[in-house]
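Asker: So here's target35.cif, just mmCIF, C-alpha atoms:
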```
data_target
loop_
_atom_site.label_atom_id
_atom_site.label_comp_id
_atom_site.auth_asym_id
_atom_site.auth_seq_id
_atom_site.Cartn_x
_atom_site.Cartn_y
_atom_site.Cartn_z
CA MET A 13 0.00 0.00 0.00
CA ASN A 14 1.22 3.48 -0.83
CA TRP A 15 2.06 5.50 2.33
CA THR A 16 0.38 8.69 1.09
CA LEU A 17 -2.76 6.70 0.33
CA ALA A 18 -2.65 5.09 3.78
CA LEU A 19 -2.63 8.56 5.34
CA ALA A 20 -5.39 9.83 3.06
CA ASN A 21 -7.80 6.94 3.69
CA GLU A 22 -6.97 6.92 7.44
CA THR A 23 -5.46 3.45 7.49
CA VAL A 24 -2.88 5.24 9.65
CA VAL A 25 -4.47 7.24 12.46
CA PHE A 26 -2.96 9.09 15.45
CA PRO A 27 -2.06 8.30 18.09
CA ARG A 28 -1.72 4.58 17.47
CA SER A 29 0.41 1.67 18.63
CA CYS A 30 3.21 0.55 16.33
CA SER A 31 6.30 -1.62 16.57
CA LEU A 32 9.93 -0.91 15.78
CA ILE A 33 12.74 -3.38 15.15
CA VAL A 34 16.12 -1.65 15.43
CA VAL A 35 19.28 -3.42 14.25
CA GLY A 36 22.73 -1.92 14.49
CA GLU A 37 26.01 -2.14 16.35
CA THR A 38 27.35 -1.14 19.77
CA LYS A 39 30.56 0.85 20.21
CA GLU A 40 32.34 -2.51 20.64
CA GLY A 41 31.11 -3.69 17.23
CA SER A 42 28.67 -6.26 18.64
CA PRO A 43 25.20 -6.76 17.10
CA PHE A 44 22.47 -4.58 18.64
CA CYS A 45 18.92 -5.94 18.18
CA TYR A 46 15.91 -4.28 19.82
CA GLU A 47 12.15 -4.68 19.41
CA ASP A 48 9.35 -2.88 21.25
CA SER A 49 5.95 -1.22 20.93
CA PHE A 50 5.98 2.53 20.37
CA THR A 51 3.30 5.20 20.00
CA LEU A 52 3.00 6.84 16.58
CA LEU A 53 2.21 10.48 17.41
CA LYS A 54 2.20 12.11 13.97
CA ALA A 55 3.20 11.49 10.36
CA SER A 56 3.39 13.21 7.01
CA ALA A 57 4.40 12.21 3.52
CA GLU A 58 8.06 12.85 4.49
CA ASP A 59 8.51 11.74 8.10
CA MET A 60 6.87 10.47 11.29
CA THR A 61 7.41 10.70 15.05
CA VAL A 62 7.20 7.80 17.50
CA THR A 63 7.71 7.73 21.27
CA LEU A 64 8.46 5.17 23.96
CA ASP A 65 8.08 5.55 27.72
CA ALA A 66 11.40 4.10 28.88
CA ALA A 67 12.86 3.18 32.25
CA SER A 68 15.63 5.22 33.90
CA ILE A 69 18.06 3.95 31.24
CA HIS A 70 16.60 4.27 27.75
CA PRO A 71 16.75 1.02 25.72
CA LEU A 72 18.73 2.50 22.82
CA GLU A 73 21.57 3.72 25.04
CA LYS A 74 24.07 1.13 23.73
CA LEU A 75 23.15 1.74 20.08
CA HIS A 76 26.13 3.31 18.29
CA HIS A 77 25.38 2.71 14.62
CA VAL A 78 22.01 1.94 12.94
CA CYS A 79 21.96 -0.67 10.17
CA PHE A 80 18.20 -0.54 9.61
CA ILE A 81 14.82 0.01 11.31
CA GLU A 82 11.53 -1.70 10.54
CA PHE A 83 8.26 0.10 11.31
CA SER A 84 5.06 -2.00 11.52
CA PHE A 85 1.48 -1.91 12.78
CA ARG A 86 -1.68 -4.02 12.66
CA GLU A 87 -4.98 -2.81 11.26
CA GLN A 88 -8.02 -5.13 11.27
CA GLY A 89 -5.74 -8.12 11.69
CA ILE A 90 -3.46 -7.19 8.77
CA LEU A 91 0.23 -6.60 9.49
CA TYR A 92 1.72 -3.68 7.54
CA TYR A 93 5.49 -3.13 7.57
CA ALA A 94 8.31 -1.18 5.90
CA LEU A 95 11.97 -0.24 6.33
CA VAL A 96 12.60 3.35 7.44
CA ASP A 97 15.62 5.49 8.31
CA LEU A 98 16.38 7.26 11.59
CA LEU A 99 16.47 11.05 11.23
CA HIS A 100 16.73 12.04 14.90
CA LEU A 101 16.77 10.46 18.36
CA GLU A 102 15.98 12.44 21.50
CA THR A 103 15.59 11.35 25.12
CA LYS A 104 14.03 13.58 27.79
CA ARG A 105 13.52 12.13 31.24
CA ASN A 106 11.93 8.73 30.62
CA VAL A 107 10.54 9.44 27.12
CA CYS A 108 12.44 8.33 24.02
CA THR A 109 11.39 10.14 20.81
CA LEU A 110 12.44 9.03 17.31
CA THR A 111 11.93 10.92 14.07
CA LEU A 112 11.85 8.49 11.15
CA THR A 113 11.55 8.80 7.40
CA ALA A 114 8.12 7.91 6.06
CA PRO A 115 8.01 4.65 4.08
CA LEU A 116 7.27 4.77 0.37
CA GLU A 117 5.26 1.55 0.46
CA LEU A 118 3.71 -0.61 3.20
CA LYS A 119 4.07 -4.34 2.62
CA LEU A 120 1.73 -7.08 3.88
CA SER A 121 3.01 -10.15 5.69
CA GLN A 122 2.87 -13.67 4.27
CA LYS A 123 3.48 -16.92 6.14
CA ARG A 124 4.75 -20.18 4.73
CA ARG A 125 5.88 -23.45 6.30
CA HIS A 126 8.60 -25.91 5.32
CA PRO A 127 9.39 -29.36 6.76
CA ARG A 128 12.74 -29.89 8.50
CA ILE A 129 15.22 -32.79 8.46
CA ALA A 130 17.64 -33.25 11.37
CA LEU A 131 21.34 -32.69 10.70
CA PRO A 132 23.47 -35.33 12.46
CA THR A 133 26.51 -33.09 13.06
CA ARG A 134 26.74 -29.50 14.30
CA THR A 135 28.38 -27.29 11.68
CA PRO A 136 29.64 -23.69 12.03
CA VAL A 137 27.55 -21.01 10.34
CA THR A 138 28.31 -17.33 9.78
CA SER A 139 25.19 -15.18 9.90
CA ARG A 140 24.72 -11.59 8.79
CA ILE A 141 21.65 -9.58 9.78
CA VAL A 142 20.81 -8.00 6.43
CA GLY A 143 17.19 -6.89 6.78
CA VAL A 144 13.76 -7.83 8.02
CA ARG A 145 10.81 -9.72 6.40
CA GLU A 146 12.64 -10.12 3.04
CA GLN A 147 13.47 -6.40 2.95
CA ILE A 148 17.24 -6.09 2.43
CA SER A 149 19.30 -3.26 3.91
CA HIS A 150 22.56 -2.00 2.39
CA GLN A 151 24.23 -2.40 5.82
CA ASN A 152 24.65 -5.54 7.93
CA VAL A 153 26.23 -6.97 11.07
CA ALA A 154 27.68 -10.49 11.50
CA PHE A 155 27.68 -13.16 14.22
CA THR A 156 28.43 -16.89 14.41
CA GLY A 157 26.62 -20.07 15.44
CA GLN A 158 26.43 -23.86 15.12
CA ILE A 159 23.88 -25.56 12.82
CA LEU A 160 21.53 -27.97 14.60
CA ASP A 161 19.24 -29.08 11.75
CA LEU A 162 18.83 -28.35 8.06
CA SER A 163 16.61 -28.87 5.00
CA GLY A 164 16.12 -27.33 1.60
CA GLY A 165 13.50 -25.08 3.21
CA GLY A 166 15.19 -23.96 6.42
CA MET A 167 17.56 -24.58 9.31
CA ALA A 168 17.95 -24.22 13.05
CA PHE A 169 21.20 -23.11 14.67
CA MET A 170 22.57 -22.30 18.11
CA THR A 171 24.10 -18.90 18.89
CA SER A 172 24.97 -16.74 21.87
CA THR A 173 23.75 -13.61 20.03
CA ARG A 174 20.24 -12.45 20.93
CA VAL A 175 18.10 -12.16 17.78
CA PHE A 176 14.36 -12.34 17.11
CA CYS A 177 11.64 -12.75 14.47
CA PRO A 178 11.40 -11.64 11.68
CA LEU A 179 15.00 -10.56 11.05
CA GLU A 180 16.47 -11.45 7.67
CA LEU A 181 19.78 -13.36 7.65
CA GLU A 182 22.46 -14.22 5.13
CA LEU A 183 23.78 -17.65 6.18
CA SER A 184 27.12 -19.08 4.99
CA PHE A 185 28.35 -22.57 5.87
CA VAL A 186 30.17 -25.67 4.61
CA LEU A 187 28.53 -29.05 5.22
CA PRO A 188 30.76 -31.92 6.47
CA GLY A 189 32.09 -33.91 3.53
CA ILE A 190 31.15 -31.24 0.95
CA ALA A 191 33.76 -28.70 -0.16
CA GLN A 192 31.26 -26.24 -1.66
CA LYS A 193 30.44 -23.21 0.48
CA ILE A 194 26.70 -22.61 0.71
CA THR A 195 25.20 -19.13 1.08
CA VAL A 196 21.44 -18.69 1.50
CA TYR A 197 19.00 -16.06 2.73
CA GLY A 198 16.23 -16.64 5.23
CA GLU A 199 13.87 -15.14 7.78
CA ILE A 200 13.95 -15.95 11.49
CA VAL A 201 10.64 -17.63 12.36
CA ARG A 202 11.30 -18.82 15.91
CA VAL A 203 13.79 -18.19 18.75
CA ALA A 204 13.99 -20.23 21.96
CA HIS A 205 16.45 -20.55 24.84
CA PHE A 206 18.93 -23.37 24.15
CA SER A 207 20.82 -22.94 27.43
CA SER A 208 21.47 -20.20 29.96
CA ASP A 209 23.69 -18.30 27.52
CA ALA A 210 22.59 -19.53 24.08
CA TYR A 211 19.55 -19.44 21.78
CA ARG A 212 18.08 -21.87 19.24
CA VAL A 213 17.17 -19.91 16.10
CA ALA A 214 14.88 -21.38 13.39
CA VAL A 215 15.17 -19.84 9.93
CA ARG A 216 12.95 -20.26 6.85
CA PHE A 217 14.84 -19.95 3.55
CA HIS A 218 13.57 -18.08 0.49
CA ARG A 219 14.79 -17.49 -3.05
CA VAL A 220 17.14 -20.49 -2.78
CA PRO A 221 18.55 -21.61 -6.16
CA ASP A 222 17.19 -25.03 -7.17
CA SER A 223 20.69 -26.52 -7.26
CA THR A 224 21.45 -25.34 -3.72
CA ALA A 225 18.12 -26.58 -2.34
CA ALA A 226 18.67 -29.96 -4.01
CA LEU A 227 22.18 -30.20 -2.56
CA MET A 228 20.93 -29.58 0.97
CA GLU A 229 17.97 -31.95 0.60
CA GLU A 230 20.20 -34.72 -0.76
CA TYR A 231 22.72 -34.23 2.04
CA CYS A 232 20.04 -34.32 4.75
CA SER A 233 18.35 -37.37 3.18
CA ALA A 234 21.68 -39.23 3.08
CA SER A 235 22.45 -38.26 6.68
CA GLY A 236 19.01 -39.45 7.77
CA ALA A 237 19.46 -42.78 6.00
CA ASP A 238 22.84 -43.31 7.66
CA SER A 239 21.60 -42.54 11.17
#
```
Reformat the file's structure so that it appears as structure tokens.
Answerer:
Amino acid sequence: MNWTLALANETVVFPRSCSLIVVGETKEGSPFCYEDSFTLLKASAEDMTVTLDAASIHPLEKLHHVCFIEFSFREQGILYYALVDLLHLETKRNVCTLTLTAPLELKLSQKRRHPRIALPTRTPVTSRIVGVREQISHQNVAFTGQILDLSGGGMAFMTSTRVFCPLELELSFVLPGIAQKITVYGEIVRVAHFSSDAYRVAVRFHRVPDSTAALMEEYCSASGADS
């Protein structure tokens, strides 16, 4: 949906609840991932203002560099979302106010499911947070993990980095016994505690080349037959 049209037909009204996903880096270069509900106070064709009542320490205090921000809201059960840029951040007392660029288009969410096949051996994976809900940003931040299971449609891996749905990842890994490096894109669909200091992250792939999907399916089928 066009943003100007959404304002004109009052799909976007004020004030209203909205959500922000903020991905960036800390001063130490570590991934910074934050998600919360904000209040959309006002908007125009060029920009919009959202606020958050924070605690004594505002939640974006450790944010040093912004990679991307997703703005989203629900209207009559439909989830609308878009990537936006940060224009200004201001904190007064316990209120955090962000001025954001207005999105050009609002996208609608889609959900798909894929079966999974267990991977018999944990394998290192390098992940880059490159966007959200299949929207790709020109900036990214990397972290590492260990693959737990895999299929042509998705994977689960363990990591000590806190991430959440629906961040978009670029995943690079080499399967045991196969020299070819595999790089795929996917969306985080589920995150659960794996241990006290680690998370189990489930990812759904999309736009995977047929040859790559076939390679992963054949590998997982062979591993399942050998187990």
Asker: Can you list what the PyMOL selection byres ((chain A and resi 28) around 8) grabs from this structure, as a PyMOL selection string?
Answerer: chain A and resi 24-27+29-30+51-53
Asker: For the provided coordinates, the residues matched by the PyMOL selection byres ((chain A and resi 80) around 10) should be stated as a ChimeraX atom specification.
Answerer: /A:33-36,77-79,81-82,95-98,141-144,148-152
Asker: Mind pulling up the distance from atom CA of Asn21 of chain A to atom CA of Glu58 of chain A?
Answerer: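 Between atom CA of Glu58 of chain A and atom CA of Asn21 of chain A the gap works out to 16.9 Å.
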Asker: Of the residues A:Ala66, A:Ile194, A:Leu118, A:Leu112, which is the one nearest to Ser84 of chain A, using all atoms listed in the file?
Answerer: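 Under the stated criterion, the closest residue is A:Leu118.
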Asker: Could you tell me how far atom CA of Lys104 of chain A lies from atom CA of Leu75 of chain A, in Å and to one decimal?
Answerer: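 According to the coordinates, atom CA of Lys104 of chain A and atom CA of Leu75 of chain A are separated by 16.8 Å.
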Asker: Report as a PyMOL selection string all protein, DNA and RNA residues lying within 6 Å of segment 209-224 of chain A, evaluated on only C-alpha atoms, omitting residues in the same chain fewer than 4 positions from it.
Answerer: chain A and resi 165-172+197-205
Asker: Any chance you could resolve the PyMOL selection byres ((chain A and resi 43) around 9) against this file and give the residues as a ChimeraX atom specification?
Answerer: /A:35-38,41-42,44-45,141,153-155,173-175
Asker: Take atom CA of Cys232 of chain A and atom CA of Ser208 of chain A and report the distance between them in Å, one decimal.
Answerer: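 Calculated distance between atom CA of Cys232 of chain A and atom CA of Ser208 of chain A is 28.9 Å.
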Asker: Between A:Tyr93, A:Phe176, A:Phe50, A:Phe85, which has the minimum distance to Thr109 of chain A (counting only C-alpha atoms)?
Answerer: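 Going through A:Tyr93, A:Phe176, A:Phe50, A:Phe85 one by one, the smallest distance to Thr109 of chain A is for A:Phe50.
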Asker: Might you pull out every residue within 12 Å of Thr23 of chain A, with all atoms listed in the file counted and same-chain residues fewer than 5 positions away left off, and present them as a PyMOL selection string?
Answerer: chain A and resi 13-18+28+85-88+90-92+118
Asker: Please return segment 209-228 of chain A, rebuilt to N, CA, C and O atoms, as an mmCIF file, in the frame of the given file.
Answerer:
```cif
data_model
loop_
_atom_site.group_PDB
_atom_site.id
_atom_site.type_symbol
_atom_site.label_atom_id
_atom_site.label_comp_id
_atom_site.auth_asym_id
_atom_site.auth_seq_id
_atom_site.Cartn_x
_atom_site.Cartn_y
_atom_site.Cartn_z
ATOM 1 N N ASP A 209 23.011 -19.367 28.263
ATOM 2 C CA ASP A 209 23.690 -18.300 27.520
ATOM 3 C C ASP A 209 23.656 -18.511 26.012
ATOM 4 O O ASP A 209 24.501 -17.998 25.285
ATOM 5 N N ALA A 210 22.675 -19.280 25.515
ATOM 6 C CA ALA A 210 22.590 -19.530 24.080
ATOM 7 C C ALA A 210 21.130 -19.638 23.650
ATOM 8 O O ALA A 210 20.242 -19.919 24.452
ATOM 9 N N TYR A 211 20.888 -19.406 22.339
ATOM 10 C CA TYR A 211 19.550 -19.440 21.780
ATOM 11 C C TYR A 211 19.494 -20.423 20.608
ATOM 12 O O TYR A 211 20.478 -20.607 19.899
ATOM 13 N N ARG A 212 18.332 -21.030 20.417
ATOM 14 C CA ARG A 212 18.080 -21.870 19.240
ATOM 15 C C ARG A 212 17.247 -21.035 18.279
ATOM 16 O O ARG A 212 16.131 -20.612 18.595
ATOM 17 N N VAL A 213 17.790 -20.791 17.085
ATOM 18 C CA VAL A 213 17.170 -19.910 16.100
ATOM 19 C C VAL A 213 16.712 -20.736 14.906
ATOM 20 O O VAL A 213 17.521 -21.446 14.291
ATOM 21 N N ALA A 214 15.421 -20.690 14.569
ATOM 22 C CA ALA A 214 14.880 -21.380 13.390
ATOM 23 C C ALA A 214 14.706 -20.366 12.271
ATOM 24 O O ALA A 214 14.155 -19.280 12.480
ATOM 25 N N VAL A 215 15.182 -20.729 11.078
ATOM 26 C CA VAL A 215 15.170 -19.840 9.930
ATOM 27 C C VAL A 215 14.457 -20.519 8.763
ATOM 28 O O VAL A 215 14.667 -21.705 8.496
ATOM 29 N N ARG A 216 13.604 -19.783 8.059
ATOM 30 C CA ARG A 216 12.950 -20.260 6.850
ATOM 31 C C ARG A 216 13.636 -19.622 5.653
ATOM 32 O O ARG A 216 13.734 -18.393 5.548
ATOM 33 N N PHE A 217 14.144 -20.460 4.731
ATOM 34 C CA PHE A 217 14.840 -19.950 3.550
ATOM 35 C C PHE A 217 13.846 -19.392 2.533
ATOM 36 O O PHE A 217 12.673 -19.767 2.496
ATOM 37 N N HIS A 218 14.349 -18.517 1.650
ATOM 38 C CA HIS A 218 13.570 -18.080 0.490
ATOM 39 C C HIS A 218 14.523 -17.724 -0.636
ATOM 40 O O HIS A 218 15.704 -17.439 -0.424
ATOM 41 N N ARG A 219 14.017 -17.784 -1.845
ATOM 42 C CA ARG A 219 14.790 -17.490 -3.050
ATOM 43 C C ARG A 219 16.063 -18.337 -3.131
ATOM 44 O O ARG A 219 17.103 -17.872 -3.592
ATOM 45 N N VAL A 220 15.985 -19.599 -2.712
ATOM 46 C CA VAL A 220 17.140 -20.490 -2.780
ATOM 47 C C VAL A 220 17.241 -21.070 -4.198
ATOM 48 O O VAL A 220 16.250 -21.607 -4.709
ATOM 49 N N PRO A 221 18.403 -20.995 -4.839
ATOM 50 C CA PRO A 221 18.550 -21.610 -6.160
ATOM 51 C C PRO A 221 18.216 -23.099 -6.103
ATOM 52 O O PRO A 221 18.503 -23.766 -5.098
ATOM 53 N N ASP A 222 17.602 -23.627 -7.163
ATOM 54 C CA ASP A 222 17.190 -25.030 -7.170
ATOM 55 C C ASP A 222 18.359 -25.967 -6.892
ATOM 56 O O ASP A 222 18.214 -26.956 -6.172
ATOM 57 N N SER A 223 19.533 -25.649 -7.448
ATOM 58 C CA SER A 223 20.690 -26.520 -7.260
ATOM 59 C C SER A 223 21.133 -26.553 -5.794
ATOM 60 O O SER A 223 21.501 -27.600 -5.266
ATOM 61 N N THR A 224 21.064 -25.401 -5.128
ATOM 62 C CA THR A 224 21.450 -25.340 -3.720
ATOM 63 C C THR A 224 20.454 -26.075 -2.840
ATOM 64 O O THR A 224 20.829 -26.817 -1.927
ATOM 65 N N ALA A 225 19.150 -25.877 -3.112
ATOM 66 C CA ALA A 225 18.120 -26.580 -2.340
ATOM 67 C C ALA A 225 18.255 -28.088 -2.519
ATOM 68 O O ALA A 225 18.137 -28.854 -1.544
ATOM 69 N N ALA A 226 18.521 -28.530 -3.749
ATOM 70 C CA ALA A 226 18.670 -29.960 -4.010
ATOM 71 C C ALA A 226 19.883 -30.526 -3.277
ATOM 72 O O ALA A 226 19.829 -31.637 -2.726
ATOM 73 N N LEU A 227 20.976 -29.765 -3.261
ATOM 74 C CA LEU A 227 22.180 -30.200 -2.560
ATOM 75 C C LEU A 227 21.917 -30.408 -1.074
ATOM 76 O O LEU A 227 22.305 -31.426 -0.488
ATOM 77 N N MET A 228 21.210 -29.462 -0.454
ATOM 78 C CA MET A 228 20.930 -29.580 0.970
ATOM 79 C C MET A 228 19.962 -30.723 1.262
ATOM 80 O O MET A 228 20.121 -31.463 2.238
#
```
